[in-house]
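Below is entry.cif, which holds mmCIF, N, CA and C atoms.
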```
data_query
#
loop_
_atom_site.label_atom_id
_atom_site.label_comp_id
_atom_site.auth_asym_id
_atom_site.auth_seq_id
_atom_site.Cartn_x
_atom_site.Cartn_y
_atom_site.Cartn_z
N MET C 1 74.12 50.77 70.86
CA MET C 1 74.84 51.77 71.64
C MET C 1 75.81 51.07 72.57
N ALA C 2 76.97 51.67 72.78
CA ALA C 2 77.99 51.10 73.65
C ALA C 2 77.54 51.17 75.10
N SER C 3 77.93 50.16 75.86
CA SER C 3 77.67 50.21 77.29
C SER C 3 79.01 50.47 77.98
N PHE C 4 78.95 51.18 79.07
CA PHE C 4 80.17 51.57 79.76
C PHE C 4 80.32 50.77 81.04
N ASP C 5 81.57 50.44 81.33
CA ASP C 5 81.94 49.61 82.47
C ASP C 5 82.20 50.50 83.68
N ASP C 6 81.61 50.14 84.82
CA ASP C 6 81.81 50.91 86.04
C ASP C 6 83.23 50.80 86.58
N GLY C 7 83.99 49.82 86.11
CA GLY C 7 85.33 49.59 86.64
C GLY C 7 86.40 50.53 86.09
N GLN C 8 86.06 51.34 85.12
CA GLN C 8 87.03 52.24 84.50
C GLN C 8 86.35 53.58 84.26
N PRO C 9 87.05 54.70 84.49
CA PRO C 9 86.44 56.00 84.24
C PRO C 9 85.92 56.11 82.80
N ILE C 10 84.78 56.76 82.63
CA ILE C 10 84.14 56.85 81.32
C ILE C 10 85.05 57.56 80.31
N PHE C 11 85.77 58.59 80.73
CA PHE C 11 86.62 59.30 79.77
C PHE C 11 87.69 58.37 79.19
N MET C 12 88.17 57.43 79.99
CA MET C 12 89.15 56.46 79.49
C MET C 12 88.50 55.48 78.53
N GLN C 13 87.24 55.13 78.80
CA GLN C 13 86.52 54.24 77.90
C GLN C 13 86.23 54.93 76.57
N VAL C 14 85.97 56.23 76.62
CA VAL C 14 85.78 57.02 75.40
C VAL C 14 87.07 56.98 74.57
N ALA C 15 88.21 57.20 75.23
CA ALA C 15 89.50 57.15 74.54
C ALA C 15 89.72 55.77 73.93
N ASP C 16 89.40 54.71 74.69
CA ASP C 16 89.56 53.35 74.17
C ASP C 16 88.67 53.10 72.96
N MET C 17 87.44 53.63 72.98
CA MET C 17 86.53 53.46 71.84
C MET C 17 87.11 54.10 70.58
N ILE C 18 87.65 55.29 70.74
CA ILE C 18 88.24 55.99 69.59
C ILE C 18 89.46 55.22 69.10
N GLU C 19 90.28 54.75 70.04
CA GLU C 19 91.45 53.93 69.66
C GLU C 19 91.01 52.68 68.90
N ASP C 20 89.96 52.02 69.40
CA ASP C 20 89.45 50.82 68.72
C ASP C 20 89.02 51.15 67.29
N ASP C 21 88.36 52.30 67.12
CA ASP C 21 87.92 52.72 65.78
C ASP C 21 89.11 52.98 64.86
N ILE C 22 90.21 53.45 65.42
CA ILE C 22 91.42 53.66 64.62
C ILE C 22 92.03 52.31 64.25
N LEU C 23 92.10 51.40 65.23
CA LEU C 23 92.69 50.09 64.97
C LEU C 23 91.89 49.27 63.97
N ASN C 24 90.55 49.36 64.03
CA ASN C 24 89.74 48.54 63.12
C ASN C 24 89.48 49.21 61.77
N GLY C 25 90.04 50.40 61.58
CA GLY C 25 89.94 51.06 60.27
C GLY C 25 88.75 51.98 60.09
N THR C 26 87.92 52.14 61.11
CA THR C 26 86.82 53.10 61.01
C THR C 26 87.37 54.50 60.75
N TYR C 27 88.45 54.82 61.46
CA TYR C 27 89.17 56.07 61.23
C TYR C 27 90.58 55.73 60.78
N ARG C 28 91.02 56.39 59.71
CA ARG C 28 92.39 56.22 59.23
C ARG C 28 93.18 57.50 59.51
N GLU C 29 94.47 57.43 59.27
CA GLU C 29 95.32 58.60 59.47
C GLU C 29 94.75 59.79 58.71
N GLU C 30 94.71 60.91 59.38
CA GLU C 30 94.24 62.20 58.85
C GLU C 30 92.72 62.28 58.70
N ASP C 31 91.98 61.25 59.12
CA ASP C 31 90.51 61.33 59.12
C ASP C 31 90.03 62.20 60.27
N GLN C 32 88.92 62.89 60.05
CA GLN C 32 88.29 63.64 61.12
C GLN C 32 87.44 62.66 61.93
N ILE C 33 87.52 62.77 63.26
CA ILE C 33 86.70 61.90 64.10
C ILE C 33 85.35 62.57 64.37
N ILE C 34 84.44 61.82 64.94
CA ILE C 34 83.13 62.33 65.31
C ILE C 34 83.28 63.53 66.25
N SER C 35 82.40 64.51 66.11
CA SER C 35 82.49 65.70 66.95
C SER C 35 82.06 65.38 68.38
N VAL C 36 82.47 66.23 69.30
CA VAL C 36 82.08 66.06 70.70
C VAL C 36 80.56 66.08 70.82
N ALA C 37 79.91 66.99 70.11
CA ALA C 37 78.45 67.09 70.17
C ALA C 37 77.79 65.81 69.66
N GLN C 38 78.28 65.27 68.54
CA GLN C 38 77.72 64.03 68.00
C GLN C 38 77.96 62.86 68.96
N PHE C 39 79.16 62.79 69.50
CA PHE C 39 79.52 61.73 70.44
C PHE C 39 78.61 61.80 71.66
N SER C 40 78.43 63.01 72.18
CA SER C 40 77.59 63.22 73.36
C SER C 40 76.15 62.79 73.11
N LYS C 41 75.63 63.16 71.95
CA LYS C 41 74.25 62.82 71.61
C LYS C 41 74.09 61.32 71.39
N THR C 42 75.02 60.72 70.66
CA THR C 42 74.95 59.29 70.34
C THR C 42 75.03 58.42 71.58
N PHE C 43 75.97 58.74 72.47
CA PHE C 43 76.22 57.88 73.63
C PHE C 43 75.65 58.43 74.93
N GLN C 44 74.99 59.58 74.85
CA GLN C 44 74.38 60.21 76.02
C GLN C 44 75.39 60.36 77.17
N ILE C 45 76.49 61.00 76.84
CA ILE C 45 77.57 61.26 77.79
C ILE C 45 77.79 62.77 77.86
N ASN C 46 78.13 63.25 79.03
CA ASN C 46 78.45 64.65 79.22
C ASN C 46 79.60 65.05 78.28
N PRO C 47 79.44 66.15 77.53
CA PRO C 47 80.50 66.58 76.62
C PRO C 47 81.86 66.78 77.31
N ALA C 48 81.86 67.23 78.56
CA ALA C 48 83.13 67.44 79.29
C ALA C 48 83.88 66.12 79.45
N THR C 49 83.15 65.03 79.62
CA THR C 49 83.76 63.70 79.75
C THR C 49 84.41 63.30 78.43
N ILE C 50 83.74 63.59 77.34
CA ILE C 50 84.28 63.27 76.01
C ILE C 50 85.53 64.10 75.74
N VAL C 51 85.47 65.38 76.07
CA VAL C 51 86.62 66.26 75.88
C VAL C 51 87.82 65.73 76.67
N LYS C 52 87.58 65.23 77.87
CA LYS C 52 88.67 64.69 78.69
C LYS C 52 89.29 63.45 78.03
N GLY C 53 88.46 62.59 77.46
CA GLY C 53 88.96 61.41 76.75
C GLY C 53 89.75 61.78 75.51
N ILE C 54 89.26 62.76 74.78
CA ILE C 54 89.95 63.23 73.58
C ILE C 54 91.28 63.89 73.96
N ALA C 55 91.28 64.66 75.04
CA ALA C 55 92.51 65.31 75.50
C ALA C 55 93.59 64.28 75.83
N LEU C 56 93.17 63.16 76.38
CA LEU C 56 94.11 62.08 76.68
C LEU C 56 94.79 61.61 75.39
N LEU C 57 94.00 61.45 74.34
CA LEU C 57 94.54 60.99 73.05
C LEU C 57 95.41 62.06 72.38
N VAL C 58 95.06 63.31 72.57
CA VAL C 58 95.89 64.40 72.04
C VAL C 58 97.25 64.39 72.74
N ASN C 59 97.23 64.23 74.06
CA ASN C 59 98.49 64.21 74.83
C ASN C 59 99.38 63.04 74.43
N GLU C 60 98.77 61.95 73.95
CA GLU C 60 99.54 60.77 73.54
C GLU C 60 99.96 60.84 72.07
N GLY C 61 99.56 61.89 71.37
CA GLY C 61 99.93 62.04 69.97
C GLY C 61 99.08 61.24 69.01
N ILE C 62 97.91 60.78 69.46
CA ILE C 62 97.02 59.97 68.64
C ILE C 62 96.06 60.84 67.83
N LEU C 63 95.62 61.93 68.43
CA LEU C 63 94.74 62.89 67.76
C LEU C 63 95.39 64.26 67.78
N TYR C 64 94.95 65.12 66.87
CA TYR C 64 95.36 66.52 66.90
C TYR C 64 94.19 67.37 66.44
N LYS C 65 94.24 68.65 66.82
CA LYS C 65 93.14 69.56 66.51
C LYS C 65 93.51 70.45 65.33
N LYS C 66 92.55 70.57 64.41
CA LYS C 66 92.66 71.58 63.35
C LYS C 66 91.71 72.69 63.77
N ARG C 67 92.27 73.82 64.07
CA ARG C 67 91.48 74.93 64.60
C ARG C 67 90.28 75.24 63.70
N GLY C 68 89.12 75.25 64.33
CA GLY C 68 87.88 75.56 63.62
C GLY C 68 87.29 74.41 62.84
N LEU C 69 88.01 73.29 62.76
CA LEU C 69 87.53 72.16 61.96
C LEU C 69 87.20 70.92 62.80
N GLY C 70 87.96 70.68 63.85
CA GLY C 70 87.70 69.51 64.68
C GLY C 70 88.96 68.72 64.98
N MET C 71 88.74 67.49 65.41
CA MET C 71 89.83 66.60 65.81
C MET C 71 90.12 65.60 64.69
N TYR C 72 91.41 65.34 64.48
CA TYR C 72 91.85 64.46 63.41
C TYR C 72 92.81 63.40 63.94
N VAL C 73 92.86 62.28 63.24
CA VAL C 73 93.76 61.18 63.59
C VAL C 73 95.17 61.53 63.11
N ALA C 74 96.12 61.43 64.02
CA ALA C 74 97.52 61.74 63.70
C ALA C 74 98.12 60.68 62.78
N ALA C 75 99.18 61.05 62.09
CA ALA C 75 99.82 60.17 61.12
C ALA C 75 100.34 58.87 61.73
N GLU C 76 100.84 58.91 62.93
CA GLU C 76 101.41 57.73 63.58
C GLU C 76 100.46 57.10 64.60
N ALA C 77 99.20 57.46 64.57
CA ALA C 77 98.25 57.04 65.60
C ALA C 77 98.18 55.52 65.78
N LYS C 78 98.04 54.80 64.69
CA LYS C 78 97.88 53.35 64.79
C LYS C 78 99.11 52.71 65.43
N ARG C 79 100.29 53.16 65.03
CA ARG C 79 101.54 52.62 65.60
C ARG C 79 101.62 52.92 67.10
N ILE C 80 101.26 54.14 67.48
CA ILE C 80 101.30 54.54 68.90
C ILE C 80 100.34 53.67 69.71
N ILE C 81 99.14 53.48 69.20
CA ILE C 81 98.14 52.66 69.91
C ILE C 81 98.62 51.23 70.04
N LEU C 82 99.14 50.66 68.96
CA LEU C 82 99.62 49.27 69.01
C LEU C 82 100.74 49.11 70.02
N GLU C 83 101.69 50.03 70.04
CA GLU C 83 102.79 49.96 71.00
C GLU C 83 102.26 50.06 72.44
N LYS C 84 101.35 50.99 72.66
CA LYS C 84 100.78 51.18 73.99
C LYS C 84 100.01 49.95 74.45
N ARG C 85 99.20 49.40 73.56
CA ARG C 85 98.38 48.24 73.93
C ARG C 85 99.23 46.98 74.11
N LYS C 86 100.26 46.81 73.29
CA LYS C 86 101.16 45.66 73.49
C LYS C 86 101.85 45.75 74.83
N SER C 87 102.31 46.94 75.16
CA SER C 87 102.97 47.15 76.45
C SER C 87 102.01 46.84 77.60
N ARG C 88 100.78 47.35 77.50
CA ARG C 88 99.77 47.08 78.54
C ARG C 88 99.47 45.59 78.62
N PHE C 89 99.37 44.94 77.47
CA PHE C 89 99.09 43.50 77.42
C PHE C 89 100.16 42.72 78.18
N PHE C 90 101.42 42.98 77.86
CA PHE C 90 102.50 42.23 78.50
C PHE C 90 102.69 42.63 79.96
N ASN C 91 102.61 43.92 80.26
CA ASN C 91 102.86 44.38 81.62
C ASN C 91 101.73 44.09 82.58
N GLU C 92 100.50 44.03 82.10
CA GLU C 92 99.37 43.81 82.99
C GLU C 92 98.83 42.39 82.86
N LEU C 93 98.37 42.04 81.69
CA LEU C 93 97.67 40.76 81.52
C LEU C 93 98.60 39.55 81.63
N VAL C 94 99.70 39.58 80.90
CA VAL C 94 100.60 38.43 80.92
C VAL C 94 101.23 38.27 82.30
N THR C 95 101.60 39.37 82.93
CA THR C 95 102.16 39.30 84.28
C THR C 95 101.18 38.67 85.24
N LYS C 96 99.92 39.10 85.20
CA LYS C 96 98.89 38.51 86.08
C LYS C 96 98.68 37.04 85.76
N LEU C 97 98.67 36.70 84.48
CA LEU C 97 98.50 35.31 84.06
C LEU C 97 99.62 34.45 84.64
N LEU C 98 100.84 34.91 84.53
CA LEU C 98 101.98 34.13 85.03
C LEU C 98 101.99 34.04 86.56
N GLU C 99 101.58 35.11 87.22
CA GLU C 99 101.49 35.08 88.68
C GLU C 99 100.46 34.05 89.13
N GLU C 100 99.31 34.05 88.48
CA GLU C 100 98.25 33.09 88.84
C GLU C 100 98.69 31.67 88.50
N ALA C 101 99.33 31.47 87.37
CA ALA C 101 99.83 30.15 86.99
C ALA C 101 100.82 29.64 88.04
N ASN C 102 101.66 30.52 88.53
CA ASN C 102 102.62 30.16 89.56
C ASN C 102 101.91 29.72 90.84
N LYS C 103 100.87 30.45 91.23
CA LYS C 103 100.09 30.09 92.43
C LYS C 103 99.45 28.71 92.28
N LEU C 104 99.09 28.37 91.05
CA LEU C 104 98.42 27.09 90.78
C LEU C 104 99.41 25.99 90.43
N ASN C 105 100.69 26.30 90.53
CA ASN C 105 101.76 25.35 90.20
C ASN C 105 101.65 24.83 88.76
N LEU C 106 101.25 25.71 87.87
CA LEU C 106 101.18 25.36 86.45
C LEU C 106 102.52 25.70 85.80
N SER C 107 102.99 24.82 84.96
CA SER C 107 104.23 25.10 84.24
C SER C 107 103.94 26.05 83.08
N ILE C 108 104.98 26.69 82.60
CA ILE C 108 104.85 27.56 81.43
C ILE C 108 104.33 26.75 80.24
N ASP C 109 104.81 25.50 80.11
CA ASP C 109 104.35 24.65 79.01
C ASP C 109 102.85 24.40 79.09
N GLU C 110 102.32 24.18 80.31
CA GLU C 110 100.88 23.97 80.46
C GLU C 110 100.10 25.22 80.06
N VAL C 111 100.59 26.36 80.48
CA VAL C 111 99.93 27.63 80.15
C VAL C 111 99.94 27.85 78.64
N ILE C 112 101.08 27.63 78.02
CA ILE C 112 101.19 27.81 76.56
C ILE C 112 100.27 26.85 75.82
N GLU C 113 100.19 25.62 76.28
CA GLU C 113 99.31 24.64 75.64
C GLU C 113 97.85 25.08 75.74
N ARG C 114 97.44 25.59 76.90
CA ARG C 114 96.06 26.09 77.06
C ARG C 114 95.79 27.27 76.13
N ILE C 115 96.76 28.12 75.99
CA ILE C 115 96.61 29.27 75.08
C ILE C 115 96.45 28.77 73.65
N ARG C 116 97.26 27.81 73.27
CA ARG C 116 97.15 27.24 71.92
C ARG C 116 95.79 26.59 71.70
N GLN C 117 95.29 25.88 72.70
CA GLN C 117 93.97 25.24 72.59
C GLN C 117 92.89 26.30 72.42
N GLY C 118 92.99 27.37 73.17
CA GLY C 118 92.01 28.46 73.08
C GLY C 118 92.05 29.14 71.74
N LYS C 119 93.23 29.25 71.17
CA LYS C 119 93.38 29.90 69.87
C LYS C 119 92.77 29.06 68.76
N ARG C 120 92.81 27.75 68.91
CA ARG C 120 92.24 26.85 67.89
C ARG C 120 90.72 26.84 67.89
N SER C 121 90.12 27.15 69.03
CA SER C 121 88.65 27.07 69.12
C SER C 121 87.96 28.19 68.41
#
```
Kindly present the structure from the file in structure tokens form.
Amino acid sequence: MASFDDGQPIFMQVADMIEDDILNGTYREEDQIISVAQFSKTFQINPATIVKGIALLVNEGILYKKRGLGMYVAAEAKRIILEKRKSRFFNELVTKLLEEANKLNLSIDEVIERIRQGKRS
């Protein structure tokens, strides 16, 4: 069972879990995702929290509802998620990395070399 991080609202973690399932191929375009009731039972989360996470993905064009049938993965979902995550990666993680490197007087070359070393391991 997934564990949830106190540092981020649970509904956002639910959305991230569904996005991860789309990225890793568990759900493909036009696949139906797990129902709110199943999600709630499996992860022991309030259904309203799950609905909030799903609504976030609907607003982003990642999921859509088929009335009476459930929630489905949109045709462009994977592309939307990749664009969003790349943007978050560069705007949040890389920016913080470079700020910290600057504080430590590390050159860009040193940072890149460390990244390459980490990638080889």
Exercise for review: From a DSSP pass on the backbone, collect the residues of segment 10-117 of chain C flagged as strand (DSSP E or B) and hand them back as a list in words.
Suggested key: Gln32, Leu63, Tyr64, Lys65, Lys66, Gly70, Met71, Tyr72 and Val73 of chain C
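With distances restricted to only C-alpha atoms, C:Ala55 is the closest residue to Ala15 of chain C from C:Ile115, C:Ala55, C:Ala77, C:Ile34.
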Practice item. Would you please work out which residue, of C:Tyr27, C:Tyr64, C:Phe11, C:Phe89, is nearest to Val51 of chain C when using all atoms listed in the file? Key: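 Smallest separation from Val51 of chain C among the options: C:Phe11.
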Point to revise | Members of chain C assigned helix (DSSP H, G or I) by DSSP, as a ChimeraX atom specification | key: /C:10-23,36-43,47-59,77-103,108-120
Point to revise | C:Asp6, C:Glu60, C:Asp109, C:Glu76 ranked by distance to Glu29 of chain C, top pick (using all atoms listed in the file) | key: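 Of all the options, C:Glu76 lies closest to Glu29 of chain C.
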Export segment 69-104 of chain C from the structure block above, keeping N, CA and C atoms, as a PDB file, in the first residue's frame.
```pdb
ATOM      1  N   LEU C  69     -20.260   5.930 -16.418  1.00  0.00           N
ATOM      2  CA  LEU C  69     -19.255   4.877 -16.596  1.00  0.00           C
ATOM      3  C   LEU C  69     -18.014   5.066 -15.726  1.00  0.00           C
ATOM      4  N   GLY C  70     -17.608   6.300 -15.515  1.00  0.00           N
ATOM      5  CA  GLY C  70     -16.418   6.537 -14.697  1.00  0.00           C
ATOM      6  C   GLY C  70     -15.455   7.509 -15.345  1.00  0.00           C
ATOM      7  N   MET C  71     -14.231   7.485 -14.841  1.00  0.00           N
ATOM      8  CA  MET C  71     -13.190   8.403 -15.298  1.00  0.00           C
ATOM      9  C   MET C  71     -12.247   7.675 -16.247  1.00  0.00           C
ATOM     10  N   TYR C  72     -11.840   8.390 -17.299  1.00  0.00           N
ATOM     11  CA  TYR C  72     -10.989   7.816 -18.336  1.00  0.00           C
ATOM     12  C   TYR C  72      -9.781   8.709 -18.603  1.00  0.00           C
ATOM     13  N   VAL C  73      -8.719   8.087 -19.089  1.00  0.00           N
ATOM     14  CA  VAL C  73      -7.490   8.804 -19.430  1.00  0.00           C
ATOM     15  C   VAL C  73      -7.693   9.497 -20.776  1.00  0.00           C
ATOM     16  N   ALA C  74      -7.403  10.783 -20.811  1.00  0.00           N
ATOM     17  CA  ALA C  74      -7.555  11.574 -22.037  1.00  0.00           C
ATOM     18  C   ALA C  74      -6.496  11.195 -23.068  1.00  0.00           C
ATOM     19  N   ALA C  75      -6.787  11.498 -24.318  1.00  0.00           N
ATOM     20  CA  ALA C  75      -5.903  11.134 -25.429  1.00  0.00           C
ATOM     21  C   ALA C  75      -4.508  11.745 -25.309  1.00  0.00           C
ATOM     22  N   GLU C  76      -4.398  12.942 -24.818  1.00  0.00           N
ATOM     23  CA  GLU C  76      -3.102  13.626 -24.720  1.00  0.00           C
ATOM     24  C   GLU C  76      -2.533  13.604 -23.305  1.00  0.00           C
ATOM     25  N   ALA C  77      -3.047  12.751 -22.449  1.00  0.00           N
ATOM     26  CA  ALA C  77      -2.675  12.757 -21.033  1.00  0.00           C
ATOM     27  C   ALA C  77      -1.175  12.620 -20.795  1.00  0.00           C
ATOM     28  N   LYS C  78      -0.557  11.659 -21.432  1.00  0.00           N
ATOM     29  CA  LYS C  78       0.870  11.415 -21.198  1.00  0.00           C
ATOM     30  C   LYS C  78       1.700  12.631 -21.592  1.00  0.00           C
ATOM     31  N   ARG C  79       1.383  13.230 -22.731  1.00  0.00           N
ATOM     32  CA  ARG C  79       2.109  14.419 -23.187  1.00  0.00           C
ATOM     33  C   ARG C  79       1.931  15.579 -22.203  1.00  0.00           C
ATOM     34  N   ILE C  80       0.707  15.772 -21.720  1.00  0.00           N
ATOM     35  CA  ILE C  80       0.425  16.850 -20.765  1.00  0.00           C
ATOM     36  C   ILE C  80       1.218  16.641 -19.480  1.00  0.00           C
ATOM     37  N   ILE C  81       1.223  15.414 -18.980  1.00  0.00           N
ATOM     38  CA  ILE C  81       1.952  15.107 -17.742  1.00  0.00           C
ATOM     39  C   ILE C  81       3.444  15.333 -17.935  1.00  0.00           C
ATOM     40  N   LEU C  82       3.988  14.845 -19.039  1.00  0.00           N
ATOM     41  CA  LEU C  82       5.427  15.020 -19.291  1.00  0.00           C
ATOM     42  C   LEU C  82       5.804  16.493 -19.365  1.00  0.00           C
ATOM     43  N   GLU C  83       5.012  17.292 -20.063  1.00  0.00           N
ATOM     44  CA  GLU C  83       5.296  18.728 -20.156  1.00  0.00           C
ATOM     45  C   GLU C  83       5.239  19.385 -18.778  1.00  0.00           C
ATOM     46  N   LYS C  84       4.217  19.035 -18.009  1.00  0.00           N
ATOM     47  CA  LYS C  84       4.049  19.610 -16.672  1.00  0.00           C
ATOM     48  C   LYS C  84       5.208  19.225 -15.759  1.00  0.00           C
ATOM     49  N   ARG C  85       5.582  17.957 -15.789  1.00  0.00           N
ATOM     50  CA  ARG C  85       6.654  17.484 -14.908  1.00  0.00           C
ATOM     51  C   ARG C  85       8.019  18.024 -15.326  1.00  0.00           C
ATOM     52  N   LYS C  86       8.262  18.140 -16.628  1.00  0.00           N
ATOM     53  CA  LYS C  86       9.527  18.736 -17.083  1.00  0.00           C
ATOM     54  C   LYS C  86       9.616  20.181 -16.631  1.00  0.00           C
ATOM     55  N   SER C  87       8.525  20.900 -16.764  1.00  0.00           N
ATOM     56  CA  SER C  87       8.493  22.296 -16.334  1.00  0.00           C
ATOM     57  C   SER C  87       8.761  22.395 -14.833  1.00  0.00           C
ATOM     58  N   ARG C  88       8.098  21.543 -14.050  1.00  0.00           N
ATOM     59  CA  ARG C  88       8.305  21.534 -12.594  1.00  0.00           C
ATOM     60  C   ARG C  88       9.753  21.174 -12.267  1.00  0.00           C
ATOM     61  N   PHE C  89      10.303  20.203 -12.979  1.00  0.00           N
ATOM     62  CA  PHE C  89      11.682  19.770 -12.757  1.00  0.00           C
ATOM     63  C   PHE C  89      12.648  20.934 -12.949  1.00  0.00           C
ATOM     64  N   PHE C  90      12.526  21.623 -14.078  1.00  0.00           N
ATOM     65  CA  PHE C  90      13.451  22.720 -14.360  1.00  0.00           C
ATOM     66  C   PHE C  90      13.185  23.936 -13.484  1.00  0.00           C
ATOM     67  N   ASN C  91      11.923  24.277 -13.263  1.00  0.00           N
ATOM     68  CA  ASN C  91      11.594  25.477 -12.503  1.00  0.00           C
ATOM     69  C   ASN C  91      11.806  25.325 -11.005  1.00  0.00           C
ATOM     70  N   GLU C  92      11.675  24.125 -10.481  1.00  0.00           N
ATOM     71  CA  GLU C  92      11.821  23.928  -9.041  1.00  0.00           C
ATOM     72  C   GLU C  92      13.147  23.261  -8.693  1.00  0.00           C
ATOM     73  N   LEU C  93      13.351  22.067  -9.181  1.00  0.00           N
ATOM     74  CA  LEU C  93      14.516  21.287  -8.760  1.00  0.00           C
ATOM     75  C   LEU C  93      15.831  21.838  -9.292  1.00  0.00           C
ATOM     76  N   VAL C  94      15.890  22.091 -10.579  1.00  0.00           N
ATOM     77  CA  VAL C  94      17.146  22.571 -11.165  1.00  0.00           C
ATOM     78  C   VAL C  94      17.483  23.957 -10.629  1.00  0.00           C
ATOM     79  N   THR C  95      16.484  24.810 -10.487  1.00  0.00           N
ATOM     80  CA  THR C  95      16.723  26.147  -9.935  1.00  0.00           C
ATOM     81  C   THR C  95      17.297  26.054  -8.529  1.00  0.00           C
ATOM     82  N   LYS C  96      16.707  25.211  -7.684  1.00  0.00           N
ATOM     83  CA  LYS C  96      17.220  25.031  -6.316  1.00  0.00           C
ATOM     84  C   LYS C  96      18.631  24.453  -6.334  1.00  0.00           C
ATOM     85  N   LEU C  97      18.868  23.495  -7.213  1.00  0.00           N
ATOM     86  CA  LEU C  97      20.192  22.890  -7.340  1.00  0.00           C
ATOM     87  C   LEU C  97      21.231  23.949  -7.684  1.00  0.00           C
ATOM     88  N   LEU C  98      20.922  24.790  -8.649  1.00  0.00           N
ATOM     89  CA  LEU C  98      21.872  25.819  -9.070  1.00  0.00           C
ATOM     90  C   LEU C  98      22.070  26.889  -7.997  1.00  0.00           C
ATOM     91  N   GLU C  99      21.009  27.227  -7.284  1.00  0.00           N
ATOM     92  CA  GLU C  99      21.137  28.192  -6.187  1.00  0.00           C
ATOM     93  C   GLU C  99      22.055  27.646  -5.101  1.00  0.00           C
ATOM     94  N   GLU C 100      21.863  26.385  -4.742  1.00  0.00           N
ATOM     95  CA  GLU C 100      22.707  25.768  -3.709  1.00  0.00           C
ATOM     96  C   GLU C 100      24.141  25.632  -4.197  1.00  0.00           C
ATOM     97  N   ALA C 101      24.334  25.253  -5.440  1.00  0.00           N
ATOM     98  CA  ALA C 101      25.684  25.148  -6.009  1.00  0.00           C
ATOM     99  C   ALA C 101      26.385  26.501  -5.953  1.00  0.00           C
ATOM    100  N   ASN C 102      25.655  27.553  -6.234  1.00  0.00           N
ATOM    101  CA  ASN C 102      26.210  28.900  -6.177  1.00  0.00           C
ATOM    102  C   ASN C 102      26.647  29.247  -4.752  1.00  0.00           C
ATOM    103  N   LYS C 103      25.828  28.901  -3.763  1.00  0.00           N
ATOM    104  CA  LYS C 103      26.172  29.151  -2.353  1.00  0.00           C
ATOM    105  C   LYS C 103      27.444  28.408  -1.957  1.00  0.00           C
ATOM    106  N   LEU C 104      27.640  27.243  -2.551  1.00  0.00           N
ATOM    107  CA  LEU C 104      28.800  26.406  -2.226  1.00  0.00           C
ATOM    108  C   LEU C 104      29.996  26.694  -3.131  1.00  0.00           C
TER     109      LEU C 104
END
```
